[in-house]
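Below is one structure, written out as structure tokens; the observations come after it.
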Amino acid sequence: MNITQQQKIRLNKLQKRLRREMSLAIQDYNMIEHNDVIMVCLSGGKDSYTLLDILLNLQHKAPVHFSIIAVNLDQKQPHYPEGKTTCSLCSRLRRGTLYGFAQKIGATKIALGHHRDDIIETLFLNLFYGGKMKAMPPKLLSDDKTNIIIRPLSYSREKDIQEYSQLKAFPIIPCNLCGSQENLKRKMIKDMLQGWDKQFPGRIESIFSALQNTSPSQMVDLKQFNFSELKTEKTTTHQGETFEAYLPAFDFIDNKINHFSGKNVNLDTLNVKNIT
């Protein structure tokens, strides 16, 4: 594919950004360790192609040695799908097949192409329709405890991945499995977030930052924080001491002015203490 000089500059800029974001995500969550065998699930869509491309780019400069095995699951349907069907049963079957194959080839990690937008969309899908404050972690231990799933694109935006894949001219394969239709709930969430991103720049970044800065004690989940055993901390004070010493450093009015409550008060006549 022939691209213009301007497109080359843009492609180089996007590649550096995606590589930087992936490096940071891998480092933050300790996704890849020395001598890891990474099975990259290549579905044929923009996300998995970008994942493999950037990961191969990083492999040559990484401070640790790791191997990459790209795996493509043939689901035996016309035009072989991109892989993101809306059928949860199909997704579970596909995941089970990939988990088993990872064990067979000795893979230590399974890399998926989910990005930051996928994580945030999943949060709102669970919030609006599942009654759960739950998203999609960058690193996950499978339910059977035999596989570790990593998402190296967790810090990257879908629109950057989309543009990058177009400039790289990846051979994207459309999904025609079972005549599947677009997931309307996820599309509604995506449209909502895209609207916010245009109307309130920085809001999406703030939402993702919130996922990294949770406070269980400020929520209402009894399983995440032990509210029932909250106790006050006893402090020892000398006789005659008050708790004024523990107040913030600001001027306050002596308690003797309480009898002025509800009347016009001349501030010049009040006994005001100044804390320094």
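In the structure tokens, the first chain shown is A, the next is B, and so on; residue numbers restart at 1 for each chain, and ligands run from 1 in the order shown.
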
Set the distance at 7 Å and use only C-alpha atoms: which residues neighbour Cys41 of chain A once local chain neighbours fewer than 5 positions away are removed? I'd like the list as a ChimeraX atom specification.
/A:48,70-72,111-112

Q: Show which residues sit within 10 Å of Ala25 of chain A, as an MDAnalysis selection string. Count only C-alpha atoms, and ignore same-chain residues fewer than 2 positions away.
A: chainID A and resid 19:23 27:31 138:139 150:156

Write a file of the selected residues as a PDB file, in the first residue's frame, keeping N, CA and C atoms.
ATOM      1  N   ARG A  19       3.001   2.090  21.218  1.00  0.00           N
ATOM      2  CA  ARG A  19       4.110   1.348  21.825  1.00  0.00           C
ATOM      3  C   ARG A  19       4.387   1.839  23.248  1.00  0.00           C
ATOM      4  N   ARG A  20       4.321   3.151  23.430  1.00  0.00           N
ATOM      5  CA  ARG A  20       4.538   3.723  24.769  1.00  0.00           C
ATOM      6  C   ARG A  20       3.437   3.284  25.735  1.00  0.00           C
ATOM      7  N   GLU A  21       2.190   3.323  25.267  1.00  0.00           N
ATOM      8  CA  GLU A  21       1.067   2.932  26.119  1.00  0.00           C
ATOM      9  C   GLU A  21       1.124   1.448  26.468  1.00  0.00           C
ATOM     10  N   MET A  22       1.497   0.630  25.490  1.00  0.00           N
ATOM     11  CA  MET A  22       1.599  -0.801  25.752  1.00  0.00           C
ATOM     12  C   MET A  22       2.730  -1.101  26.726  1.00  0.00           C
ATOM     13  N   SER A  23       3.842  -0.437  26.563  1.00  0.00           N
ATOM     14  CA  SER A  23       4.976  -0.628  27.474  1.00  0.00           C
ATOM     15  C   SER A  23       4.588  -0.289  28.904  1.00  0.00           C
ATOM     16  N   GLN A  27       4.285  -2.869  32.069  1.00  0.00           N
ATOM     17  CA  GLN A  27       5.075  -2.610  33.271  1.00  0.00           C
ATOM     18  C   GLN A  27       4.187  -2.479  34.509  1.00  0.00           C
ATOM     19  N   ASP A  28       3.100  -1.727  34.402  1.00  0.00           N
ATOM     20  CA  ASP A  28       2.227  -1.485  35.556  1.00  0.00           C
ATOM     21  C   ASP A  28       1.632  -2.770  36.108  1.00  0.00           C
ATOM     22  N   TYR A  29       1.261  -3.687  35.222  1.00  0.00           N
ATOM     23  CA  TYR A  29       0.566  -4.905  35.648  1.00  0.00           C
ATOM     24  C   TYR A  29       1.446  -6.154  35.558  1.00  0.00           C
ATOM     25  N   ASN A  30       2.729  -5.937  35.319  1.00  0.00           N
ATOM     26  CA  ASN A  30       3.678  -7.061  35.235  1.00  0.00           C
ATOM     27  C   ASN A  30       3.120  -8.150  34.319  1.00  0.00           C
ATOM     28  N   MET A  31       2.739  -7.744  33.119  1.00  0.00           N
ATOM     29  CA  MET A  31       2.085  -8.665  32.187  1.00  0.00           C
ATOM     30  C   MET A  31       3.037  -9.700  31.598  1.00  0.00           C
ATOM     31  N   PRO A 138      -6.886  -5.539  33.107  1.00  0.00           N
ATOM     32  CA  PRO A 138      -5.765  -5.697  32.176  1.00  0.00           C
ATOM     33  C   PRO A 138      -5.060  -7.047  32.318  1.00  0.00           C
ATOM     34  N   LYS A 139      -5.175  -7.649  33.497  1.00  0.00           N
ATOM     35  CA  LYS A 139      -4.545  -8.953  33.749  1.00  0.00           C
ATOM     36  C   LYS A 139      -5.503  -9.787  34.580  1.00  0.00           C
ATOM     37  N   ILE A 150      -3.803 -11.525  29.514  1.00  0.00           N
ATOM     38  CA  ILE A 150      -3.307 -10.150  29.564  1.00  0.00           C
ATOM     39  C   ILE A 150      -3.920  -9.342  28.422  1.00  0.00           C
ATOM     40  N   ARG A 151      -4.073  -8.042  28.667  1.00  0.00           N
ATOM     41  CA  ARG A 151      -4.613  -7.128  27.662  1.00  0.00           C
ATOM     42  C   ARG A 151      -3.656  -5.942  27.512  1.00  0.00           C
ATOM     43  N   PRO A 152      -2.599  -6.111  26.718  1.00  0.00           N
ATOM     44  CA  PRO A 152      -1.561  -5.074  26.590  1.00  0.00           C
ATOM     45  C   PRO A 152      -2.053  -3.753  26.006  1.00  0.00           C
ATOM     46  N   LEU A 153      -3.228  -3.730  25.352  1.00  0.00           N
ATOM     47  CA  LEU A 153      -3.760  -2.488  24.779  1.00  0.00           C
ATOM     48  C   LEU A 153      -4.684  -1.761  25.745  1.00  0.00           C
ATOM     49  N   SER A 154      -4.653  -2.122  27.016  1.00  0.00           N
ATOM     50  CA  SER A 154      -5.579  -1.561  27.996  1.00  0.00           C
ATOM     51  C   SER A 154      -5.499  -0.046  28.127  1.00  0.00           C
ATOM     52  N   TYR A 155      -4.360   0.540  27.825  1.00  0.00           N
ATOM     53  CA  TYR A 155      -4.196   1.988  27.949  1.00  0.00           C
ATOM     54  C   TYR A 155      -4.441   2.728  26.630  1.00  0.00           C
ATOM     55  N   SER A 156      -4.756   1.998  25.572  1.00  0.00           N
ATOM     56  CA  SER A 156      -4.867   2.606  24.242  1.00  0.00           C
ATOM     57  C   SER A 156      -6.310   2.865  23.842  1.00  0.00           C
TER      58      SER A 156
END

- Item | Nearby residues (only C-alpha atoms) at most 12 Å from Lys104 of chain A, same-chain spacing under 5 positions excluded, as a VMD selection string | chain A and resid 39 97 to 99 146 to 147

Atoms to include: N, CA and C atoms. Write the selected residues as an mmCIF file, in the first residue's frame.
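This is the output file part23.cif:
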data_model
loop_
_atom_site.group_PDB
_atom_site.id
_atom_site.type_symbol
_atom_site.label_atom_id
_atom_site.label_comp_id
_atom_site.auth_asym_id
_atom_site.auth_seq_id
_atom_site.Cartn_x
_atom_site.Cartn_y
_atom_site.Cartn_z
ATOM 1 N N MET A 39 0.805 -16.294 23.905
ATOM 2 C CA MET A 39 -0.089 -16.703 22.824
ATOM 3 C C MET A 39 -0.999 -15.532 22.480
ATOM 4 N N THR A 97 -11.770 -23.213 23.997
ATOM 5 C CA THR A 97 -10.880 -23.804 22.995
ATOM 6 C C THR A 97 -9.495 -23.176 23.060
ATOM 7 N N LEU A 98 -9.449 -21.849 23.188
ATOM 8 C CA LEU A 98 -8.174 -21.140 23.254
ATOM 9 C C LEU A 98 -7.412 -21.491 24.529
ATOM 10 N N TYR A 99 -8.125 -21.607 25.650
ATOM 11 C CA TYR A 99 -7.477 -21.973 26.908
ATOM 12 C C TYR A 99 -6.817 -23.345 26.794
ATOM 13 N N THR A 146 -5.647 -21.921 35.548
ATOM 14 C CA THR A 146 -4.607 -22.524 34.711
ATOM 15 C C THR A 146 -4.065 -21.589 33.641
ATOM 16 N N ASN A 147 -4.705 -20.446 33.444
ATOM 17 C CA ASN A 147 -4.251 -19.515 32.411
ATOM 18 C C ASN A 147 -4.276 -18.087 32.930
#

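Within segment 138-180 of chain A, the backbone-based DSSP assignment of helix (DSSP H, G or I) covers A:Glu158, A:Lys159, A:Asp160, A:Ile161, A:Gln162, A:Glu163, A:Tyr164, A:Ser165, A:Gln166, A:Leu167, A:Lys168, A:Leu177, A:Cys178, A:Gly179.
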
Go through segment 157-176 of chain A residue by residue and, counting only C-alpha atoms, keep those with an atom at most 9 Å from segment 1-6 of chain A; for each kept residue give the shortest atom pair and its distance in Å to one decimal, ordered by chain and increasing number, as CSV.
residue,atom,partner,partner_atom,distance
A:Leu167,CA,A:Ile3,CA,7.8
A:Lys168,CA,A:Met1,CA,8.1
A:Ala169,CA,A:Met1,CA,7.1

Contact residues around His65 of chain A with only C-alpha atoms at 10 Å, ignoring same-chain residues under 6 positions, as an MDAnalysis selection string: chainID A and resid 32:37 59

Output C-alpha atoms for every residue in that selection, as a short mmCIF file (atom, residue, chain, number, x, y, z; two decimals), in the first residue's frame.
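And here is the file that came out, result21.cif:
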data_model
loop_
_atom_site.label_atom_id
_atom_site.label_comp_id
_atom_site.auth_asym_id
_atom_site.auth_seq_id
_atom_site.Cartn_x
_atom_site.Cartn_y
_atom_site.Cartn_z
CA ILE A 32 5.22 -10.17 30.66
CA GLU A 33 8.10 -11.83 32.50
CA HIS A 34 11.40 -13.36 31.46
CA ASN A 35 11.01 -16.41 29.17
CA ASP A 36 7.25 -16.03 28.89
CA VAL A 37 5.53 -17.66 25.93
CA GLN A 59 9.86 -7.72 21.54
#

Nearest to Arg10 of chain A, restricted to only C-alpha atoms and choosing among A:Asn226, A:Ser206, A:Gln166, A:Thr232, comes out as A:Gln166

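Those residues of segment 82-227 of chain A that DSSP, working from the backbone, places in strand (DSSP E) are A:Lys109, A:Ile110, A:Ala111, A:Lys139, A:Leu140, A:Leu141, A:Ile148, A:Ile149, A:Ile150.
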
Those same residues - C-alpha atoms - I'd like them written as a short mmCIF file (atom, residue, chain, number, x, y, z; two decimals), in the first residue's frame.
data_model
loop_
_atom_site.label_atom_id
_atom_site.label_comp_id
_atom_site.auth_asym_id
_atom_site.auth_seq_id
_atom_site.Cartn_x
_atom_site.Cartn_y
_atom_site.Cartn_z
CA LYS A 109 0.18 -15.96 28.99
CA ILE A 110 -2.76 -15.41 26.63
CA ALA A 111 -2.86 -11.93 25.04
CA LYS A 139 -4.55 -8.95 33.75
CA LEU A 140 -6.71 -11.86 34.82
CA LEU A 141 -6.33 -15.38 36.20
CA ILE A 148 -3.27 -15.86 32.80
CA ILE A 149 -4.95 -13.48 30.36
CA ILE A 150 -3.31 -10.15 29.56
#

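With distances restricted to only C-alpha atoms, A:Glu121 is the closest residue to Asp191 of chain A from A:Glu121, A:Pro137, A:Asp144, A:Thr235.
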
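For the set A:Lys159, A:Asn12, A:Ala102, A:Tyr129, the residue with the smallest atom-to-atom gap to Arg186 of chain A is A:Tyr129, counting only C-alpha atoms.
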
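In this comparison, which uses only C-alpha atoms, the residue of A:Lys234, A:Lys223, A:Arg95, A:Lys185 approaching Ser142 of chain A most closely is A:Arg95.
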